[in-house]
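One file, input.txt, carrying compact mmCIF, C-alpha atoms and all ligand atoms:
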# COMPACT_ATOMS: atom_id res chain seq x y z
CA VAL A 1 -79.06 -27.73 5.17
CA THR A 2 -80.47 -24.24 5.63
CA ILE A 3 -79.56 -21.02 3.81
CA PRO A 4 -78.90 -17.96 5.99
CA VAL A 5 -80.85 -14.92 4.80
CA ALA A 6 -80.96 -11.20 5.49
CA VAL A 7 -84.11 -9.10 5.47
CA ILE A 8 -83.12 -5.53 4.73
CA GLY A 9 -85.81 -3.12 5.85
CA ALA A 10 -87.15 -5.73 8.28
CA SER A 11 -88.77 -3.03 10.44
CA GLY A 12 -91.12 -2.01 7.60
CA PHE A 13 -94.43 -3.52 6.56
CA LEU A 14 -93.11 -5.87 3.87
CA GLY A 15 -89.94 -6.65 5.83
CA GLY A 16 -92.03 -7.61 8.86
CA GLU A 17 -94.35 -9.77 6.76
CA LEU A 18 -91.40 -11.47 5.10
CA THR A 19 -89.82 -12.12 8.50
CA ARG A 20 -93.08 -13.70 9.66
CA LEU A 21 -93.23 -15.91 6.55
CA LEU A 22 -89.55 -16.90 6.79
CA LEU A 23 -90.12 -18.13 10.36
CA GLY A 24 -92.17 -20.94 8.81
CA HIS A 25 -89.84 -21.66 5.89
CA PRO A 26 -88.18 -25.08 5.84
CA ARG A 27 -84.88 -24.02 4.21
CA PHE A 28 -84.28 -20.31 4.74
CA GLU A 29 -82.99 -19.28 8.14
CA LEU A 30 -83.36 -15.72 9.44
CA GLU A 31 -79.84 -14.48 10.11
CA TYR A 32 -79.70 -10.70 9.67
CA LEU A 33 -82.56 -8.23 10.14
CA THR A 34 -81.94 -4.59 9.34
CA ALA A 35 -83.63 -1.25 9.98
CA GLU A 36 -82.83 2.42 9.77
CA SER A 37 -84.65 4.32 12.53
CA PHE A 38 -85.17 1.10 14.54
CA VAL A 39 -81.48 0.08 14.55
CA GLY A 40 -80.47 -1.43 17.90
CA GLN A 41 -84.05 -1.91 19.05
CA PRO A 42 -85.69 -5.30 19.66
CA LEU A 43 -87.61 -6.70 16.69
CA THR A 44 -90.81 -6.70 18.73
CA ASP A 45 -90.66 -2.89 19.01
CA ALA A 46 -91.69 -2.77 15.35
CA HIS A 47 -93.50 -6.12 15.11
CA PRO A 48 -95.20 -7.02 18.40
CA ASN A 49 -96.75 -10.05 16.64
CA LEU A 50 -93.31 -11.69 16.13
CA TRP A 51 -92.94 -12.71 19.76
CA SER A 52 -90.76 -15.74 19.03
CA LEU A 53 -88.09 -13.30 17.80
CA ARG A 54 -88.20 -11.13 20.94
CA ASP A 55 -84.46 -11.70 21.57
CA ARG A 56 -83.45 -10.37 18.15
CA ARG A 57 -82.47 -6.77 17.47
CA PHE A 58 -82.38 -4.77 14.26
CA GLU A 59 -78.89 -4.29 12.83
CA VAL A 60 -77.42 -1.73 10.44
CA ALA A 61 -77.59 -2.66 6.73
CA ASP A 62 -73.82 -3.11 6.32
CA PRO A 63 -73.11 -4.91 3.01
CA ASP A 64 -69.81 -6.46 4.24
CA ALA A 65 -71.40 -7.87 7.38
CA ILE A 66 -74.43 -9.13 5.43
CA ALA A 67 -72.23 -10.85 2.83
CA GLY A 68 -70.14 -12.39 5.64
CA ARG A 69 -73.16 -14.00 7.27
CA CYS A 70 -75.77 -14.53 4.54
CA ALA A 71 -76.14 -16.14 1.12
CA VAL A 72 -79.45 -14.50 0.25
CA ALA A 73 -80.87 -11.04 0.93
CA PHE A 74 -84.41 -9.73 0.60
CA VAL A 75 -84.37 -5.95 0.18
CA ALA A 76 -87.61 -4.30 1.35
CA THR A 77 -86.68 -0.62 1.31
CA SER A 78 -87.55 2.33 -0.91
CA ALA A 79 -86.29 2.23 -4.50
CA PRO A 80 -83.42 4.75 -4.04
CA VAL A 81 -82.06 2.78 -1.05
CA ALA A 82 -82.38 -0.53 -2.91
CA ALA A 83 -80.76 0.89 -6.06
CA ALA A 84 -77.68 1.79 -4.00
CA LEU A 85 -77.54 -1.37 -1.89
CA VAL A 86 -78.33 -4.17 -4.32
CA PRO A 87 -75.16 -3.81 -6.49
CA GLN A 88 -73.01 -3.76 -3.35
CA LEU A 89 -74.55 -7.03 -2.20
CA LEU A 90 -74.08 -8.64 -5.62
CA GLN A 91 -70.46 -7.48 -5.82
CA ARG A 92 -69.78 -9.07 -2.43
CA GLY A 93 -70.89 -12.44 -3.80
CA LEU A 94 -74.38 -13.04 -2.44
CA GLU A 95 -75.95 -15.98 -4.21
CA CYS A 96 -79.25 -14.21 -4.76
CA VAL A 97 -80.79 -10.84 -3.94
CA ILE A 98 -84.55 -10.34 -4.05
CA ASP A 99 -85.46 -6.67 -4.43
CA LEU A 100 -89.02 -5.89 -3.36
CA SER A 101 -88.69 -2.23 -4.37
CA PRO A 102 -89.32 -0.92 -7.91
CA ALA A 103 -85.60 -0.21 -8.50
CA HIS A 104 -84.93 -3.13 -10.87
CA ARG A 105 -88.35 -3.97 -12.32
CA LEU A 106 -88.28 -1.98 -15.56
CA ARG A 107 -85.69 -3.33 -18.00
CA ASP A 108 -85.58 -0.31 -20.31
CA GLU A 109 -83.27 2.28 -18.77
CA VAL A 110 -85.11 5.22 -20.34
CA VAL A 111 -88.48 4.01 -19.08
CA HIS A 112 -87.01 3.35 -15.62
CA HIS A 113 -85.55 6.83 -15.46
CA LYS A 114 -88.81 8.44 -16.54
CA TRP A 115 -90.84 6.77 -13.77
CA TYR A 116 -88.21 6.52 -11.01
CA PRO A 117 -85.85 9.48 -11.49
CA ASP A 118 -84.84 9.26 -7.82
CA ALA A 119 -83.58 5.65 -8.12
CA GLU A 120 -80.27 5.91 -9.97
CA ARG A 121 -79.28 2.29 -10.50
CA ASP A 122 -76.22 0.34 -11.53
CA PRO A 123 -76.63 -0.83 -15.18
CA ALA A 124 -74.74 -4.09 -14.45
CA ALA A 125 -77.17 -5.01 -11.67
CA ALA A 126 -80.18 -3.98 -13.76
CA ALA A 127 -78.91 -6.19 -16.61
CA VAL A 128 -79.06 -9.38 -14.53
CA ALA A 129 -82.45 -8.71 -12.91
CA VAL A 130 -85.29 -11.14 -13.62
CA TYR A 131 -88.84 -9.94 -13.05
CA GLY A 132 -90.25 -12.13 -10.32
CA LEU A 133 -93.74 -13.05 -11.44
CA PRO A 134 -93.50 -16.86 -11.39
CA GLU A 135 -96.71 -17.28 -13.40
CA VAL A 136 -94.90 -15.61 -16.33
CA ASN A 137 -91.16 -15.92 -15.71
CA ARG A 138 -90.78 -19.15 -13.73
CA GLU A 139 -88.06 -20.69 -15.91
CA MET A 140 -85.95 -17.51 -16.00
CA LEU A 141 -85.91 -17.36 -12.24
CA ARG A 142 -83.98 -20.62 -11.89
CA SER A 143 -80.48 -19.80 -10.57
CA CYS A 144 -80.78 -16.07 -11.27
CA ARG A 145 -78.84 -13.66 -9.05
CA LEU A 146 -81.29 -10.78 -8.84
CA ILE A 147 -85.06 -11.01 -8.63
CA ALA A 148 -87.03 -7.82 -9.17
CA SER A 149 -90.21 -8.52 -7.25
CA PRO A 150 -93.34 -7.01 -8.86
CA GLY A 151 -95.47 -4.22 -7.43
CA CYS A 152 -98.85 -4.94 -5.87
CA PHE A 153 -100.97 -3.05 -8.44
CA ALA A 154 -98.85 -4.48 -11.25
CA THR A 155 -99.26 -8.06 -10.01
CA ALA A 156 -103.05 -7.86 -9.76
CA THR A 157 -103.44 -6.01 -13.05
CA SER A 158 -101.06 -8.23 -15.01
CA LEU A 159 -102.71 -11.41 -13.70
CA ALA A 160 -106.14 -9.96 -14.56
CA LEU A 161 -105.06 -9.23 -18.14
CA LEU A 162 -103.01 -12.37 -18.92
CA PRO A 163 -106.11 -14.41 -19.98
CA VAL A 164 -106.64 -12.05 -22.94
CA GLY A 165 -103.75 -13.94 -24.55
CA LYS A 166 -106.03 -17.00 -24.73
CA LEU A 167 -108.98 -15.17 -26.30
CA ASP A 168 -108.79 -15.96 -30.00
CA GLY A 169 -109.39 -13.00 -32.24
CA VAL A 170 -109.38 -10.43 -29.44
CA ALA A 171 -106.64 -7.83 -29.77
CA LEU A 172 -106.20 -5.43 -26.90
CA SER A 173 -105.65 -1.87 -27.99
CA ALA A 174 -106.79 0.23 -25.04
CA VAL A 175 -107.42 -0.82 -21.46
CA THR A 176 -108.52 1.21 -18.49
CA VAL A 177 -107.81 -0.05 -14.99
CA ASP A 178 -109.40 1.04 -11.78
CA ALA A 179 -107.72 -0.31 -8.68
CA LYS A 180 -108.34 0.06 -4.95
CA SER A 181 -105.86 -0.50 -2.18
CA GLY A 182 -105.73 -0.74 1.60
CA SER A 183 -103.53 1.45 3.76
CA THR A 184 -100.55 -0.95 4.19
CA GLY A 185 -99.82 -0.28 0.50
CA SER A 186 -98.20 3.01 1.41
CA GLY A 187 -95.73 1.68 3.97
CA SER A 188 -95.19 2.02 7.70
CA HIS A 189 -93.89 5.56 7.90
CA PRO A 190 -96.61 7.98 8.99
CA THR A 191 -97.89 10.69 6.71
CA ALA A 192 -100.38 13.44 7.51
CA SER A 193 -103.04 12.02 5.18
CA GLY A 194 -102.33 8.46 6.35
CA MET A 195 -103.19 9.01 10.00
CA HIS A 196 -106.22 7.06 11.22
CA ALA A 197 -108.52 10.08 11.59
CA ARG A 198 -108.04 10.90 7.90
CA ARG A 199 -107.48 7.47 6.39
CA THR A 200 -110.37 5.57 7.93
CA GLY A 201 -113.63 5.49 5.97
CA VAL A 202 -112.02 6.85 2.82
CA MET A 203 -112.86 6.06 -0.80
CA SER A 204 -110.53 8.52 -2.43
CA PRO A 205 -108.66 8.62 -5.71
CA TYR A 206 -104.98 9.20 -4.99
CA ALA A 207 -103.46 8.53 -8.38
CA PRO A 208 -106.20 9.21 -10.98
CA THR A 209 -103.58 9.20 -13.73
CA THR A 210 -99.92 8.23 -14.28
CA HIS A 211 -99.67 5.38 -11.79
CA ARG A 212 -96.10 4.09 -11.61
CA HIS A 213 -97.09 0.48 -12.23
CA VAL A 214 -98.39 1.16 -15.74
CA PRO A 215 -95.02 0.52 -17.49
CA GLU A 216 -94.54 -2.62 -15.39
CA VAL A 217 -97.84 -4.09 -16.59
CA ARG A 218 -97.00 -3.17 -20.19
CA GLN A 219 -93.63 -4.91 -19.92
CA THR A 220 -95.23 -8.04 -18.43
CA LEU A 221 -97.94 -8.26 -21.10
CA VAL A 222 -95.25 -8.11 -23.79
CA ASP A 223 -93.13 -10.75 -21.97
CA ALA A 224 -96.17 -13.01 -21.75
CA GLY A 225 -96.99 -12.55 -25.45
CA VAL A 226 -100.38 -10.95 -24.72
CA THR A 227 -99.50 -7.71 -26.54
CA PRO A 228 -96.89 -7.13 -29.25
CA ALA A 229 -93.63 -5.38 -28.35
CA ASP A 230 -93.87 -3.00 -31.29
CA ALA A 231 -97.36 -1.69 -30.50
CA PRO A 232 -97.41 -0.46 -26.91
CA LEU A 233 -100.75 -0.95 -25.20
CA ARG A 234 -102.76 2.17 -24.37
CA LEU A 235 -103.13 1.46 -20.68
CA GLY A 236 -104.52 3.89 -18.14
CA MET A 237 -104.65 3.11 -14.44
CA SER A 238 -106.42 5.00 -11.66
CA ALA A 239 -105.75 4.11 -8.03
CA TYR A 240 -108.03 4.63 -5.05
CA ALA A 241 -107.46 4.40 -1.31
CA VAL A 242 -110.22 2.45 0.43
CA ASP A 243 -110.97 1.68 4.04
CA ALA A 244 -109.00 -1.55 4.50
CA VAL A 245 -105.65 -2.35 6.10
CA ARG A 246 -104.72 -5.03 3.57
CA GLY A 247 -106.12 -5.86 0.16
CA LEU A 248 -106.07 -4.77 -3.43
CA LEU A 249 -108.72 -5.11 -6.12
CA SER A 250 -107.82 -4.35 -9.71
CA CYS A 251 -110.57 -4.10 -12.36
CA ALA A 252 -109.46 -3.89 -15.99
CA TYR A 253 -111.94 -2.85 -18.68
CA ALA A 254 -111.60 -3.07 -22.45
CA PHE A 255 -114.12 -2.45 -25.20
CA VAL A 256 -113.68 -5.04 -27.93
CA ASP A 257 -114.77 -5.03 -31.56
CA ASP A 258 -115.48 -8.72 -31.89
CA SER A 259 -118.48 -10.23 -30.28
CA ILE A 260 -117.54 -12.95 -27.83
CA ASP A 261 -119.43 -14.68 -25.08
CA GLU A 262 -118.71 -14.94 -21.41
CA THR A 263 -118.01 -18.66 -21.57
CA GLN A 264 -114.99 -17.91 -23.75
CA VAL A 265 -113.74 -15.39 -21.23
CA ARG A 266 -114.16 -17.78 -18.31
CA ARG A 267 -112.46 -20.55 -20.27
CA ALA A 268 -109.54 -18.24 -21.06
CA VAL A 269 -109.08 -17.40 -17.38
CA TYR A 270 -109.24 -21.07 -16.44
CA GLN A 271 -106.81 -22.13 -19.19
CA THR A 272 -104.32 -19.41 -18.27
CA PHE A 273 -104.05 -20.40 -14.64
CA LYS A 274 -104.82 -24.12 -14.51
CA GLY A 275 -102.13 -25.76 -12.43
CA GLU A 276 -101.08 -22.48 -10.80
CA ARG A 277 -100.89 -22.89 -7.06
CA PHE A 278 -101.45 -19.25 -6.24
CA VAL A 279 -103.99 -18.08 -8.79
CA ARG A 280 -107.59 -19.14 -8.30
CA THR A 281 -110.23 -18.65 -10.96
CA VAL A 282 -113.36 -17.09 -9.47
CA SER A 283 -116.10 -16.13 -11.93
CA ALA A 284 -119.34 -16.54 -9.99
CA GLN A 285 -118.80 -19.23 -7.45
CA ARG A 286 -121.52 -20.18 -5.07
CA GLY A 287 -121.64 -18.97 -1.50
CA ILE A 288 -120.87 -15.87 0.46
CA ALA A 289 -118.12 -14.38 -1.72
CA PRO A 290 -118.85 -15.48 -5.30
CA LEU A 291 -116.57 -12.95 -6.98
CA PRO A 292 -112.92 -11.94 -6.49
CA ASP A 293 -112.66 -10.31 -3.08
CA PRO A 294 -109.46 -9.29 -1.28
CA ARG A 295 -111.26 -9.63 2.05
CA VAL A 296 -111.15 -13.43 1.87
CA LEU A 297 -107.46 -13.45 0.91
CA VAL A 298 -105.99 -11.60 3.88
CA GLY A 299 -102.86 -13.46 4.98
CA SER A 300 -102.82 -15.74 1.92
CA ASN A 301 -100.54 -15.68 -1.11
CA THR A 302 -103.46 -16.36 -3.44
CA CYS A 303 -104.69 -14.06 -6.18
CA GLN A 304 -108.28 -14.54 -7.35
CA VAL A 305 -109.02 -13.74 -11.00
CA GLY A 306 -112.44 -13.46 -12.62
CA GLY A 307 -113.34 -12.74 -16.24
CA PHE A 308 -116.68 -11.34 -17.39
CA TYR A 309 -118.23 -10.06 -20.61
CA ASP A 310 -120.70 -7.21 -20.81
CA ALA A 311 -122.49 -8.12 -24.07
CA ASP A 312 -124.50 -4.90 -24.31
CA ALA A 313 -121.41 -2.75 -24.34
CA GLN A 314 -119.04 -5.32 -25.89
CA ARG A 315 -116.86 -4.83 -22.85
CA LEU A 316 -114.40 -7.22 -21.25
CA VAL A 317 -114.20 -6.97 -17.48
CA LEU A 318 -111.24 -8.68 -15.82
CA VAL A 319 -110.89 -8.54 -12.08
CA ALA A 320 -108.11 -9.63 -9.72
CA ALA A 321 -107.99 -9.56 -5.92
CA LEU A 322 -105.02 -10.14 -3.61
CA ASP A 323 -103.43 -9.24 -0.29
CA ASN A 324 -100.93 -6.50 -1.18
CA MET A 325 -98.60 -7.69 1.61
CA LEU A 326 -98.60 -11.31 0.34
CA LYS A 327 -99.13 -11.98 -3.38
CA GLY A 328 -98.62 -8.25 -3.91
CA GLY A 329 -95.40 -8.11 -1.87
CA ALA A 330 -93.65 -10.38 0.65
CA GLY A 331 -95.42 -13.62 -0.32
CA GLN A 332 -94.67 -13.17 -4.00
CA ALA A 333 -90.99 -12.43 -3.22
CA LEU A 334 -90.77 -15.67 -1.26
CA GLN A 335 -92.62 -17.61 -3.98
CA ALA A 336 -90.11 -16.33 -6.56
CA ALA A 337 -87.16 -17.19 -4.28
CA ASN A 338 -88.57 -20.73 -3.92
CA ALA A 339 -88.82 -20.94 -7.72
CA ARG A 340 -85.24 -19.68 -8.04
CA TYR A 341 -84.00 -22.61 -5.94
CA GLY A 342 -86.29 -25.14 -7.62
CA TRP A 343 -88.19 -25.80 -4.37
CA ASP A 344 -91.92 -26.10 -3.92
CA GLU A 345 -93.19 -22.55 -4.58
CA ALA A 346 -95.52 -22.92 -1.62
CA ASP A 347 -92.73 -23.43 0.95
CA GLY A 348 -93.51 -21.05 3.81
CA LEU A 349 -96.69 -19.92 2.03
CA SER A 350 -99.27 -22.58 2.68
CA THR A 351 -101.75 -20.61 4.83
CA GLU A 352 -105.20 -19.79 3.52
CA GLY A 353 -106.78 -16.37 4.04
CA MET A 354 -108.29 -15.25 7.33
CA TYR A 355 -112.03 -14.75 6.97
CA PRO A 356 -114.10 -13.04 8.18
N1 LIG A 401 -96.47 -2.05 1.19
C1 LIG A 401 -96.80 -2.78 0.12
O1 LIG A 401 -97.91 -3.25 0.00
C2 LIG A 401 -95.78 -3.01 -0.98
C3 LIG A 401 -96.07 -3.99 -1.96
C4 LIG A 401 -95.12 -4.27 -2.96
C5 LIG A 401 -93.93 -3.57 -2.97
N2 LIG A 401 -93.66 -2.62 -2.02
C6 LIG A 401 -92.34 -1.95 -2.05
O2 LIG A 401 -91.54 -2.56 -1.05
C7 LIG A 401 -90.68 -1.60 -0.45
C8 LIG A 401 -90.92 -1.57 1.05
O3 LIG A 401 -92.27 -1.18 1.28
P1 LIG A 401 -92.88 -1.08 2.74
O4 LIG A 401 -94.32 -0.76 2.55
O5 LIG A 401 -92.51 -2.25 3.57
O6 LIG A 401 -92.12 0.24 3.28
P2 LIG A 401 -91.84 0.71 4.79
O7 LIG A 401 -92.85 0.11 5.71
O8 LIG A 401 -91.74 2.18 4.75
O9 LIG A 401 -90.40 0.09 5.14
C9 LIG A 401 -89.20 0.64 4.65
C10 LIG A 401 -88.02 -0.03 5.33
O10 LIG A 401 -86.80 0.57 4.84
C11 LIG A 401 -85.98 0.94 5.96
N3 LIG A 401 -85.12 2.07 5.56
C12 LIG A 401 -85.48 3.37 5.42
N4 LIG A 401 -84.41 4.11 5.04
C13 LIG A 401 -83.36 3.26 4.94
C14 LIG A 401 -81.99 3.42 4.61
N5 LIG A 401 -81.47 4.63 4.27
N6 LIG A 401 -81.19 2.32 4.62
C15 LIG A 401 -81.68 1.11 4.96
N7 LIG A 401 -82.98 0.88 5.27
C16 LIG A 401 -83.80 1.96 5.26
C17 LIG A 401 -86.98 1.30 7.03
O11 LIG A 401 -86.34 1.27 8.32
P3 LIG A 401 -86.96 2.06 9.59
O12 LIG A 401 -88.41 1.74 9.64
O13 LIG A 401 -86.19 1.48 10.76
O14 LIG A 401 -86.70 3.51 9.38
C18 LIG A 401 -87.99 0.16 6.84
O15 LIG A 401 -87.51 -1.01 7.44
C19 LIG A 401 -90.98 -0.26 -1.16
O16 LIG A 401 -90.05 -0.06 -2.18
C20 LIG A 401 -92.37 -0.47 -1.72
O17 LIG A 401 -92.59 0.30 -2.89
C21 LIG A 401 -94.57 -2.34 -1.02
Can the structure from this file be put into structure tokens for me?
Amino acid sequence: VTIPVAVIGASGFLGGELTRLLLGHPRFELEYLTAESFVGQPLTDAHPNLWSLRDRRFEVADPDAIAGRCAVAFVATSAPVAAALVPQLLQRGLECVIDLSPAHRLRDEVVHHKWYPDAERDPAAAAVAVYGLPEVNREMLRSCRLIASPGCFATATSLALLPVGKLDGVALSAVTVDAKSGSTGSGSHPTASGMHARRTGVMSPYAPTTHRHVPEVRQTLVDAGVTPADAPLRLGMSAYAVDAVRGLLSCAYAFVDDSIDETQVRRAVYQTFKGERFVRTVSAQRGIAPLPDPRVLVGSNTCQVGGFYDADAQRLVLVAALDNMLKGGAGQALQAANARYGWDEADGLSTEGMYP
């Protein structure tokens, strides 16, 4: 038995990637693919790679029609569009909605409003949302109705910092994060600074302060028990655009008072993720790419995490690499949906990265 699904925003980068992944899924069946400016056009106008779907056309995102034909919807639009659409889909009885936008990620209404003032959301929908990072919230995902799929910077940074919870005697008080992303991170709609002539070859800071994923990481570290709820972590994140189409590298740095050694850090990373299908511990492997590197993960749902200790400076260095379109986006959303149904989390996600 298959479950008919809708991909809302299927003409976009994440929607297209999700559509590609769902083609190989054993239980989900692509039923309804929506767009806004591409409505009525063949799917291959936006995604020439999806040739097997050349007979399909983008439809309007009509909640009644979607609810009539689908049991599950993935919403890959901007946050304001998702905030308006998700409650309508839930009210019409969809079994599960997976929101890839930031509209339902932050549980605290005040915090949400501060960071996403343009995404006015329905409190009833927000109240049932479960943050979709399976490595932290796997059990809560089972049978939930709304999955708030994490952001790409937040996923990499949270996974990088989770091992601190296994470092005895180390309390995090202040962390600085420096993260680099490829151009697909900013979506498929052209901007003046995103055009090839200006975007290629860049190494430029685009959010030196106040990155929107900071509160998401804070919330996750509290959920995972890494930091206490009553003492918010001083976390600063700076984001850079680099010359890549896909890929994200997040490096988290923290000066610590206690002297530790690198073996402890490596052990903590290993202990945190042992048994996790999609997190690979990489702290000086042999071979061509011994350290976490998004380049080797392109097309794969894997996140690589490495932990290091700079003894001279008493500095922890935690690094995570992923493909923003997969573990940072569409792949993670599908992994969480698989977890929600109690299926193998790797259904539809078994490919390794393309390298070189
Ligand atoms: N890109 C990433 O790496 C990444 C990672 C994690 C999370 N996210 C989040 O995922 C969401 C989608 O990102 P993206 O990069 O895929 O964006 P995108 O390429 O810009 O795609 C946006 C999609 O929304 C559709 N859309 C626009 N206005 C709409 C409306 N009023 N009603 C219905 N649909 C509408 C667009 O349709 P048309 O193209 O036909 O106009 C397109 O299909 C965003 O919230 C983003 O923050 C992105």
| request: Please check which protein, DNA or RNA residues sit within 6 Å of ligand LIG 401 (chain A), counting only C-alpha atoms and all ligand atoms, and write them as number ranges by chain. | output: A: 9-15, 35-38, 61, 76-79, 81, 100-102, 151-152, 184-189, 324-325, 328-329
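Between A:Ala231 and the residues A:Ala171, A:Cys96, A:Ser250, A:Ala268, the shortest atom-to-atom distance, using only C-alpha atoms, involves A:Ala171.
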| request: Using all atoms listed in the file, pick whichever of A:Val5, A:Leu159, A:Met140, A:Ala339 has the shortest atom-to-atom distance to A:Thr19. | output: A:Val5
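The list of residues with at least one atom within 7 Å of A:Ser173, based on all atoms listed in the file and without residues fewer than 2 positions apart in the same chain, reads Ala171, Val175, Leu233 and Arg234 of chain A.
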| field | Residues within 8 Å of (-80.1, 8.2, -7.0), counting only C-alpha atoms, listed as a ChimeraX atom specification | value | /A:80,83-84,117-121
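Our summary of the geometry notes that atom CA of A:Leu85 is positioned 12.5 Å from atom CA of A:Thr34.
Nearest to A:Glu276 of all the residues A:Ala254, A:Ala6, A:Ala126, A:Cys303 is A:Cys303, based on only C-alpha atoms.
Of the listed residues A:Asp55, A:Asp45, A:Asp108, A:Glu216, the one whose atoms come nearest to A:Leu235 is A:Glu216, with distances taken using all atoms listed in the file.
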| note | If you count all atoms listed in the file, the residue of A:Leu53, A:Leu141, A:Val256, A:Ala330 closest to A:Asp312 turns out to be A:Val256
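Counting from atom CA of A:Leu172, the distance to atom CA of A:Ala321 is 21.5 Å.
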| said: Give me, as JSON, numbers by chain, all polymer residues having an atom no more than 10 Å from A:Tyr206, counting only C-alpha atoms and skipping those fewer than 6 positions away in the same chain. | reply: {"A": [180, 238, 239, 240, 241]}
